[in-house]
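Dropping my_file.cif in here (mmCIF, C-alpha atoms):
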data_run
#
loop_
_atom_site.label_atom_id
_atom_site.label_comp_id
_atom_site.auth_asym_id
_atom_site.auth_seq_id
_atom_site.Cartn_x
_atom_site.Cartn_y
_atom_site.Cartn_z
CA MET A 1 86.37 123.20 110.18
CA PRO A 2 87.42 119.58 109.50
CA LEU A 3 87.38 116.93 112.21
CA SER A 4 90.78 116.67 113.86
CA PHE A 5 92.56 114.52 116.44
CA HIS A 6 95.48 116.11 118.26
CA LEU A 7 97.69 113.26 119.44
CA GLY A 8 99.57 113.59 122.70
CA THR A 9 102.59 111.49 123.64
CA ASP A 10 100.45 108.65 125.02
CA ASP A 11 98.35 108.63 121.85
CA LEU A 12 101.42 108.43 119.63
CA THR A 13 102.68 105.33 121.46
CA ARG A 14 99.25 103.62 121.41
CA CYS A 15 98.12 103.97 117.81
CA ARG A 16 97.31 100.49 116.52
CA PHE A 17 95.63 98.50 113.76
CA ALA A 18 92.70 96.09 113.92
CA ILE A 19 90.50 94.05 111.61
CA SER A 20 86.85 93.90 112.61
CA PRO A 21 84.49 91.40 110.92
CA LEU A 22 81.55 93.08 112.70
CA CYS A 23 82.50 96.47 111.32
CA GLN A 24 82.94 94.98 107.84
CA ILE A 25 79.44 93.50 107.67
CA HIS A 26 77.86 96.78 108.73
CA GLU A 27 79.99 98.70 106.23
CA ALA A 28 78.83 96.18 103.62
CA LEU A 29 75.20 96.94 104.47
CA ARG A 30 75.95 100.67 104.40
CA LEU A 31 77.41 100.20 100.91
CA LEU A 32 73.97 99.13 99.70
CA ARG A 33 72.64 102.58 100.60
CA ARG A 34 75.51 104.68 99.30
CA PRO A 35 75.83 104.63 95.48
CA GLY A 36 79.03 106.66 95.65
CA ARG A 37 80.78 103.61 97.07
CA HIS A 38 79.59 101.15 94.42
CA GLY A 39 82.44 101.42 91.92
CA TYR A 40 84.54 98.41 92.94
CA HIS A 41 81.70 96.12 94.04
CA GLN A 42 79.24 95.79 91.17
CA GLY A 43 79.30 91.98 91.12
CA TRP A 44 78.93 91.72 94.89
CA LEU A 45 76.13 94.28 94.85
CA ARG A 46 74.15 92.32 92.28
CA ARG A 47 74.34 89.22 94.45
CA ALA A 48 73.77 91.14 97.67
CA HIS A 49 70.63 92.94 96.46
CA ARG A 50 69.02 89.63 95.58
CA THR A 51 70.01 88.09 98.91
CA VAL A 52 69.13 91.03 101.16
CA ALA A 53 65.58 91.13 99.82
CA GLY A 54 64.79 87.85 101.55
CA LEU A 55 66.61 88.38 104.85
CA GLY A 56 64.14 90.65 106.64
CA LEU A 57 66.83 93.16 107.61
CA ASP A 58 64.63 96.28 107.69
CA PRO A 59 64.90 96.73 111.50
CA LEU A 60 68.70 96.74 111.11
CA LEU A 61 68.78 98.89 107.96
CA MET A 62 66.63 101.43 109.82
CA PHE A 63 69.76 102.27 111.82
CA ILE A 64 71.95 102.65 108.72
CA PRO A 65 70.73 106.01 107.38
CA PRO A 66 71.78 107.68 104.12
CA PRO A 67 75.01 109.71 103.93
CA GLY A 68 75.22 112.31 106.66
CA GLY A 69 73.30 110.20 109.15
CA TYR A 70 74.60 108.44 112.24
CA THR A 71 74.77 104.66 112.73
CA PRO A 72 74.85 103.46 116.36
CA ASP A 73 78.46 102.77 117.23
CA PHE A 74 77.65 99.57 119.12
CA LEU A 75 76.67 97.94 115.81
CA GLY A 76 80.34 97.94 114.77
CA ALA A 77 82.26 99.04 117.83
CA PRO A 78 86.08 99.41 117.71
CA PRO A 79 87.49 96.08 118.94
CA PRO A 80 89.90 96.04 121.90
CA GLU A 81 92.05 93.34 120.25
CA PRO A 82 93.67 93.38 116.78
CA TYR A 83 92.10 90.29 115.16
CA PRO A 84 88.80 89.40 116.86
CA SER A 85 86.56 86.66 115.53
CA PHE A 86 83.07 87.52 114.35
CA GLU A 87 81.64 85.35 117.14
CA ASP A 88 83.54 87.25 119.84
CA GLU A 89 82.50 90.61 118.43
CA LEU A 90 78.88 89.52 118.14
CA ALA A 91 78.91 88.38 121.78
CA ARG A 92 80.29 91.79 122.78
CA MET A 93 77.54 93.49 120.77
CA ARG A 94 74.88 91.39 122.52
CA ALA A 95 76.28 92.56 125.87
CA THR A 96 75.84 96.28 125.02
CA ASP A 97 74.58 98.35 127.95
CA PRO A 98 70.89 99.13 127.20
CA VAL A 99 71.38 102.73 128.40
CA LEU A 100 74.17 103.24 125.87
CA ALA A 101 72.17 101.46 123.16
CA HIS A 102 69.15 103.71 123.81
CA ALA A 103 71.25 106.87 123.50
CA GLU A 104 72.92 105.76 120.26
CA MET A 105 69.71 104.48 118.69
CA ALA A 106 67.89 107.72 119.58
CA ARG A 107 70.66 109.75 117.94
CA SER A 108 70.49 107.57 114.83
CA LEU A 109 66.70 107.69 114.51
CA ALA A 110 66.74 111.47 114.91
CA CYS A 111 68.61 111.69 111.59
CA THR A 112 65.42 110.75 109.71
CA PRO A 113 62.39 112.95 110.49
CA GLY A 114 59.54 110.95 111.99
CA LEU A 115 61.46 107.70 112.35
CA ALA A 116 61.77 107.87 116.14
CA GLU A 117 57.97 108.23 116.38
CA SER A 118 57.27 105.33 114.01
CA PRO A 119 56.11 102.00 115.47
CA GLN A 120 59.52 100.43 114.74
CA GLY A 121 61.40 103.35 116.24
CA ARG A 122 59.26 103.48 119.38
CA ALA A 123 59.60 99.72 119.88
CA ALA A 124 63.40 99.94 119.74
CA LEU A 125 63.59 102.85 122.18
CA ASP A 126 60.99 101.42 124.59
CA ASP A 127 62.98 98.18 125.05
CA PRO A 128 66.62 98.79 124.06
CA ALA A 129 67.80 95.45 125.51
CA ALA A 130 65.41 93.55 123.25
CA ALA A 131 66.38 95.78 120.34
CA VAL A 132 70.08 94.95 120.84
CA ARG A 133 69.31 91.23 120.83
CA HIS A 134 67.22 91.55 117.67
CA LEU A 135 69.83 93.67 115.89
CA ALA A 136 72.52 91.14 116.85
CA ASP A 137 70.40 88.31 115.43
CA LEU A 138 69.92 90.21 112.18
CA THR A 139 73.62 91.05 112.00
CA GLU A 140 74.46 87.36 112.38
CA ARG A 141 71.98 86.52 109.61
CA ALA A 142 73.50 89.15 107.31
CA TRP A 143 77.05 87.94 108.06
CA HIS A 144 76.34 84.34 107.06
CA ALA A 145 74.34 85.31 103.98
CA LEU A 146 76.56 88.10 102.61
CA LEU A 147 80.13 87.88 103.84
CA ALA A 148 81.12 84.70 105.72
CA ALA A 149 81.86 82.66 102.60
CA ASP A 150 84.19 85.36 101.23
CA TRP A 151 85.71 86.41 104.53
CA ALA A 152 89.05 84.64 104.01
CA ARG A 153 89.69 86.71 100.86
CA HIS A 154 88.52 89.91 102.50
CA ARG A 155 90.70 89.27 105.55
CA ALA A 156 93.71 88.58 103.33
CA VAL A 157 93.33 92.00 101.65
CA LEU A 158 92.99 93.72 105.03
CA GLU A 159 96.01 91.90 106.46
CA ALA A 160 98.06 92.77 103.39
CA ASP A 161 97.18 96.43 103.90
CA ILE A 162 98.30 96.31 107.53
CA ALA A 163 101.50 94.49 106.60
CA HIS A 164 102.32 97.15 104.00
CA ARG A 165 101.63 100.02 106.37
CA SER A 166 103.58 98.35 109.15
CA ARG A 167 106.57 98.26 106.81
CA GLN A 168 106.01 101.96 106.10
CA ALA A 169 106.08 102.71 109.82
CA ALA A 170 109.19 100.56 110.28
CA ASP A 171 110.99 102.35 107.43
CA GLY A 172 109.80 105.92 107.94
CA GLY A 173 108.11 106.13 111.32
CA LEU A 174 104.58 107.24 112.15
CA ASP A 175 104.86 110.23 109.81
CA ALA A 176 105.32 107.94 106.80
CA LEU A 177 102.35 105.84 107.88
CA LEU A 178 99.84 108.59 108.62
CA THR A 179 100.61 110.77 105.60
CA ASP A 180 99.80 107.93 103.20
CA LEU A 181 96.53 106.56 104.61
CA HIS A 182 94.13 108.46 102.35
CA PRO A 183 94.02 111.76 100.40
CA GLY A 184 91.31 112.98 102.78
CA ILE A 185 93.51 112.47 105.86
CA GLY A 186 96.06 115.10 106.77
CA TRP A 187 98.88 114.74 109.29
CA THR A 188 100.87 117.69 110.58
CA ASP A 189 101.99 119.01 113.95
CA ARG A 190 100.76 115.87 115.73
CA THR A 191 97.24 116.47 114.39
CA LEU A 192 95.32 113.96 112.29
CA THR A 193 92.76 115.84 110.16
CA LEU A 194 89.81 114.28 108.35
CA SER A 195 88.77 116.75 105.66
CA MET A 196 85.62 114.79 104.75
CA TYR A 197 84.11 115.53 108.17
CA GLY A 198 83.02 118.73 109.86
CA GLU A 199 83.44 119.41 113.55
CA VAL A 200 80.50 118.03 115.55
CA ALA A 201 79.86 118.28 119.26
CA GLU A 202 79.60 114.51 119.71
CA ALA A 203 82.90 113.77 117.96
CA GLN A 204 85.40 111.70 119.90
CA ARG A 205 88.71 113.27 120.89
CA ALA A 206 92.11 111.68 121.31
CA ASP A 207 92.44 111.08 125.05
CA GLY A 208 95.61 109.07 125.54
CA ARG A 209 94.29 105.76 124.18
CA GLY A 210 95.68 106.41 120.71
CA VAL A 211 93.81 106.18 117.43
CA LEU A 212 92.64 102.81 116.14
CA LEU A 213 93.27 102.39 112.40
CA MET A 214 91.01 99.91 110.61
CA PRO A 215 91.25 99.14 106.88
CA SER A 216 88.00 98.28 105.08
CA VAL A 217 87.14 97.02 101.61
CA PHE A 218 83.73 98.71 101.67
CA VAL A 219 84.30 102.36 102.66
CA TRP A 220 86.00 103.63 99.46
CA PRO A 221 86.12 106.51 98.58
CA ASP A 222 85.24 107.66 102.10
CA VAL A 223 87.00 107.71 105.43
CA VAL A 224 84.84 106.82 108.43
CA SER A 225 85.15 108.18 111.94
CA GLY A 226 82.73 109.76 114.41
CA PHE A 227 82.84 107.15 117.16
CA ALA A 228 81.69 108.84 120.37
CA ARG A 229 82.57 107.98 123.94
CA PRO A 230 83.12 105.43 125.39
CA TRP A 231 84.62 103.98 122.19
CA GLN A 232 88.26 104.42 121.24
CA PRO A 233 88.90 107.15 118.63
CA THR A 234 88.92 105.29 115.32
CA VAL A 235 89.60 105.94 111.65
CA ILE A 236 88.31 103.45 109.06
CA TYR A 237 89.99 103.92 105.68
CA PRO A 238 89.92 102.11 102.28
CA ALA A 239 92.26 99.11 102.26
CA ARG A 240 95.12 99.11 99.81
CA GLY A 241 94.44 96.53 97.09
CA MET A 242 90.69 96.36 97.68
CA GLY A 243 90.12 97.03 93.98
CA ARG A 244 91.49 93.54 93.23
CA LEU A 245 89.27 91.83 95.80
CA HIS A 246 86.85 90.39 93.23
CA ASP A 247 89.54 89.46 90.73
CA THR A 248 89.65 85.66 90.87
CA GLY A 249 92.36 85.30 88.25
CA VAL A 250 95.86 84.19 89.28
CA PRO A 251 98.58 86.64 88.14
CA ARG A 252 101.14 85.04 85.82
CA PRO A 253 104.85 85.49 86.51
CA SER A 254 107.04 87.24 83.98
CA GLN A 255 109.15 85.03 81.71
CA GLY A 256 112.33 86.38 83.27
CA LEU A 257 111.19 85.59 86.80
CA ALA A 258 110.08 82.11 85.74
CA ARG A 259 113.52 81.43 84.25
CA LEU A 260 115.20 82.70 87.39
CA LEU A 261 113.11 80.87 90.01
CA GLY A 262 111.39 78.12 88.06
CA HIS A 263 107.80 78.45 86.87
CA GLN A 264 106.07 77.00 89.94
CA ARG A 265 108.08 78.99 92.46
CA ALA A 266 107.70 82.20 90.43
CA ALA A 267 103.94 81.59 90.15
CA VAL A 268 103.60 81.16 93.92
CA LEU A 269 105.55 84.36 94.57
CA THR A 270 103.68 86.37 91.91
CA GLY A 271 100.29 85.10 93.10
CA LEU A 272 100.86 86.29 96.66
CA THR A 273 99.21 89.67 96.11
CA ALA A 274 97.68 89.20 99.57
CA PRO A 275 98.72 86.89 102.44
CA ALA A 276 97.59 83.29 101.99
CA SER A 277 98.02 79.89 103.60
CA THR A 278 99.75 76.83 102.14
CA THR A 279 96.39 75.12 101.59
CA GLU A 280 94.94 78.13 99.78
CA LEU A 281 98.00 78.44 97.55
CA ALA A 282 97.96 74.72 96.74
CA ALA A 283 94.33 74.96 95.58
CA ARG A 284 95.00 78.17 93.65
CA HIS A 285 97.95 76.78 91.70
CA GLY A 286 96.86 73.14 91.43
CA LEU A 287 99.90 71.86 93.36
CA ALA A 288 100.36 69.46 96.24
CA PRO A 289 100.54 71.20 99.65
CA SER A 290 103.96 69.62 100.23
CA THR A 291 105.25 71.15 96.96
CA VAL A 292 103.92 74.58 97.87
CA SER A 293 105.40 74.28 101.36
CA ALA A 294 108.83 73.56 99.87
CA HIS A 295 108.59 76.58 97.53
CA LEU A 296 107.50 78.82 100.41
CA SER A 297 110.44 77.72 102.54
CA VAL A 298 112.93 78.58 99.80
CA LEU A 299 111.29 81.95 99.12
CA ARG A 300 111.22 82.81 102.79
CA GLU A 301 114.88 81.86 103.27
CA ALA A 302 115.71 84.17 100.36
CA GLY A 303 113.99 87.08 102.13
CA LEU A 304 111.19 87.32 99.57
CA LEU A 305 108.41 86.18 101.92
CA THR A 306 107.43 86.56 105.54
CA SER A 307 105.12 84.33 107.57
CA ARG A 308 102.71 85.01 110.42
CA ARG A 309 100.51 82.64 112.39
CA ARG A 310 96.79 83.43 112.47
CA GLY A 311 94.96 80.92 114.65
CA HIS A 312 95.45 77.48 113.13
CA PHE A 313 96.95 78.84 109.91
CA VAL A 314 100.28 80.30 108.86
CA LEU A 315 99.84 83.11 106.33
CA TYR A 316 102.61 83.94 103.87
CA GLY A 317 103.05 87.37 102.32
CA ARG A 318 105.63 89.12 100.19
CA THR A 319 108.25 91.32 101.78
CA GLY A 320 109.30 94.62 100.23
CA LEU A 321 112.10 92.75 98.46
CA GLY A 322 109.58 90.21 97.20
CA ASP A 323 107.40 93.01 95.79
CA ALA A 324 110.41 94.51 94.06
CA VAL A 325 111.40 91.18 92.51
CA VAL A 326 107.89 90.56 91.17
CA ASN A 327 107.44 94.11 89.90
CA GLY A 328 110.91 94.34 88.41
CA GLY A 329 111.87 97.27 90.66
#
So that I can check it, write out the structure of this file as structure tokens.
Amino acid sequence: MPLSFHLGTDDLTRCRFAISPLCQIHEALRLLRRPGRHGYHQGWLRRAHRTVAGLGLDPLLMFIPPPGGYTPDFLGAPPPEPYPSFEDELARMRATDPVLAHAEMARSLACTPGLAESPQGRAALDDPAAAVRHLADLTERAWHALLAADWARHRAVLEADIAHRSRQAADGGLDALLTDLHPGIGWTDRTLTLSMYGEVAEAQRADGRGVLLMPSVFVWPDVVSGFARPWQPTVIYPARGMGRLHDTGVPRPSQGLARLLGHQRAAVLTGLTAPASTTELAARHGLAPSTVSAHLSVLREAGLLTSRRRGHFVLYGRTGLGDAVVNGG
């Protein structure tokens, strides 16, 4: 039997999205151990393998077993807010209840015969509070070495996925959103079914808090769930557009679009494959920020772009009309 979430009325009104930097770094580390996920990340993997070798992450990797194993949920817990910072999530991880940490670490170690009885396993279980602090330190080290420098691009892909799916929900309701998340996710009769999982006793159930939906650039081709209590039921799915994450080229506008809008304005619109700030677009296209700002204002007034504030930045992304104009639809 596949893993399923039957959503009651309260769940249906409380389904939400989030982007978790903490979850992303642990999924990145899990990618190193799962060759089936390597397809879109060969360049990153080559760099990561060289970097990881010198980071001393073995005590952390011990809790990221091969496929079929369990990773302690507190390492990448579902965030209570939609766009937490890595620093806030790391602080929350450091504050994990040692009793909860012990239970989750014991479950994880049990996936590998003999690991719980090893010196490293016994040390973690004998002093779970110290183990949490050490794992948090190693997670912070991995974040800065492997992901922090690229996080703006990763976040842009994840935000673009959420923007697209939010438009789906606005146009077609929750049915349109949930039926298009992933081929391995079914949605019928208020039940979300994950065909890649089997029923397990520890699996979380929908309980009125809704299901948290988190896009990831590292989980393809899988879907990740399995968060146990007390964490919110969560589904982590491959982000739309993650295959273009490592493509550093700037798409060129069509000749027709350039004649219609002018080359610079058409280039800005075409290059917005994922949300970006004025400063990022200026650097990408070799234009003055004031010039880019003027183009963005015109495109937004025409209904081709939308803007959202994220902290100190305003991110611009294409609307459905903007996608249609670029793609000739």
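Of the residues under consideration (A:Thr96, A:Leu212, A:Cys111, A:Arg34), A:Leu212 shows the shortest atom-to-atom contact distance to Glu81 (chain A) when counting all atoms listed in the file.
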Evaluated on this file, the PyMOL selection byres ((chain A and resi 180-194) around 8) picks out some residues - which ones are they, written as an mmCIF file with C-alpha atoms, in the coordinates of the input?
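out-v1.cif, written as the output of this step:
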data_model
loop_
_atom_site.group_PDB
_atom_site.id
_atom_site.type_symbol
_atom_site.label_atom_id
_atom_site.label_comp_id
_atom_site.auth_asym_id
_atom_site.auth_seq_id
_atom_site.Cartn_x
_atom_site.Cartn_y
_atom_site.Cartn_z
ATOM 1 C CA PRO A 2 87.420 119.580 109.500
ATOM 2 C CA LEU A 3 87.380 116.930 112.210
ATOM 3 C CA SER A 4 90.780 116.670 113.860
ATOM 4 C CA PHE A 5 92.560 114.520 116.440
ATOM 5 C CA HIS A 6 95.480 116.110 118.260
ATOM 6 C CA LEU A 7 97.690 113.260 119.440
ATOM 7 C CA GLY A 8 99.570 113.590 122.700
ATOM 8 C CA ASP A 175 104.860 110.230 109.810
ATOM 9 C CA ALA A 176 105.320 107.940 106.800
ATOM 10 C CA LEU A 177 102.350 105.840 107.880
ATOM 11 C CA LEU A 178 99.840 108.590 108.620
ATOM 12 C CA THR A 179 100.610 110.770 105.600
ATOM 13 C CA SER A 195 88.770 116.750 105.660
ATOM 14 C CA MET A 196 85.620 114.790 104.750
ATOM 15 C CA TYR A 197 84.110 115.530 108.170
ATOM 16 C CA VAL A 223 87.000 107.710 105.430
ATOM 17 C CA TYR A 237 89.990 103.920 105.680
ATOM 18 C CA PRO A 238 89.920 102.110 102.280
#
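Near region 41-50 of chain A, within 7 Å and counting all atoms listed in the file, sit His38, Ala53 and Leu146 of chain A; same-chain residues fewer than 3 positions away were not included.
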If you keep C-alpha atoms, can you produce a file of those selected residues as a compact mmCIF listing (two decimals), in the frame of the given file?
# COMPACT_ATOMS: atom_id res chain seq x y z
CA HIS A 38 79.59 101.15 94.42
CA ALA A 53 65.58 91.13 99.82
CA LEU A 146 76.56 88.10 102.61
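The smallest atom-to-atom distance between Gly121 (chain A) and any of A:Met214, A:Leu272, A:Ala106, A:Val235, using only C-alpha atoms, is found for A:Ala106.
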**Report entry** Residues matched by the PyMOL selection byres ((chain A and resi 325) around 12), written as a list in words
**Finding:** Pro253, Ser254, Gly256, Leu257, Ala258, Leu260, Leu261, Ala266, Leu269, Thr270, Leu299, Ala302, Gly303, Leu304, Leu305, Arg318, Thr319, Gly320, Leu321, Gly322, Asp323, Ala324, Val326, Asn327, Gly328 and Gly329 of chain A
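We find CA of Val157 (chain A) and CA of Gly271 (chain A) to be spaced 13.0 Å apart.
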Query raised in the report: Quick one: which residues end up in the PyMOL selection byres ((chain A and resi 316) around 9) for this structure, as a PyMOL selection string?
Result: chain A and resi 272+274-278+296+300+305-309+314-315+317-318
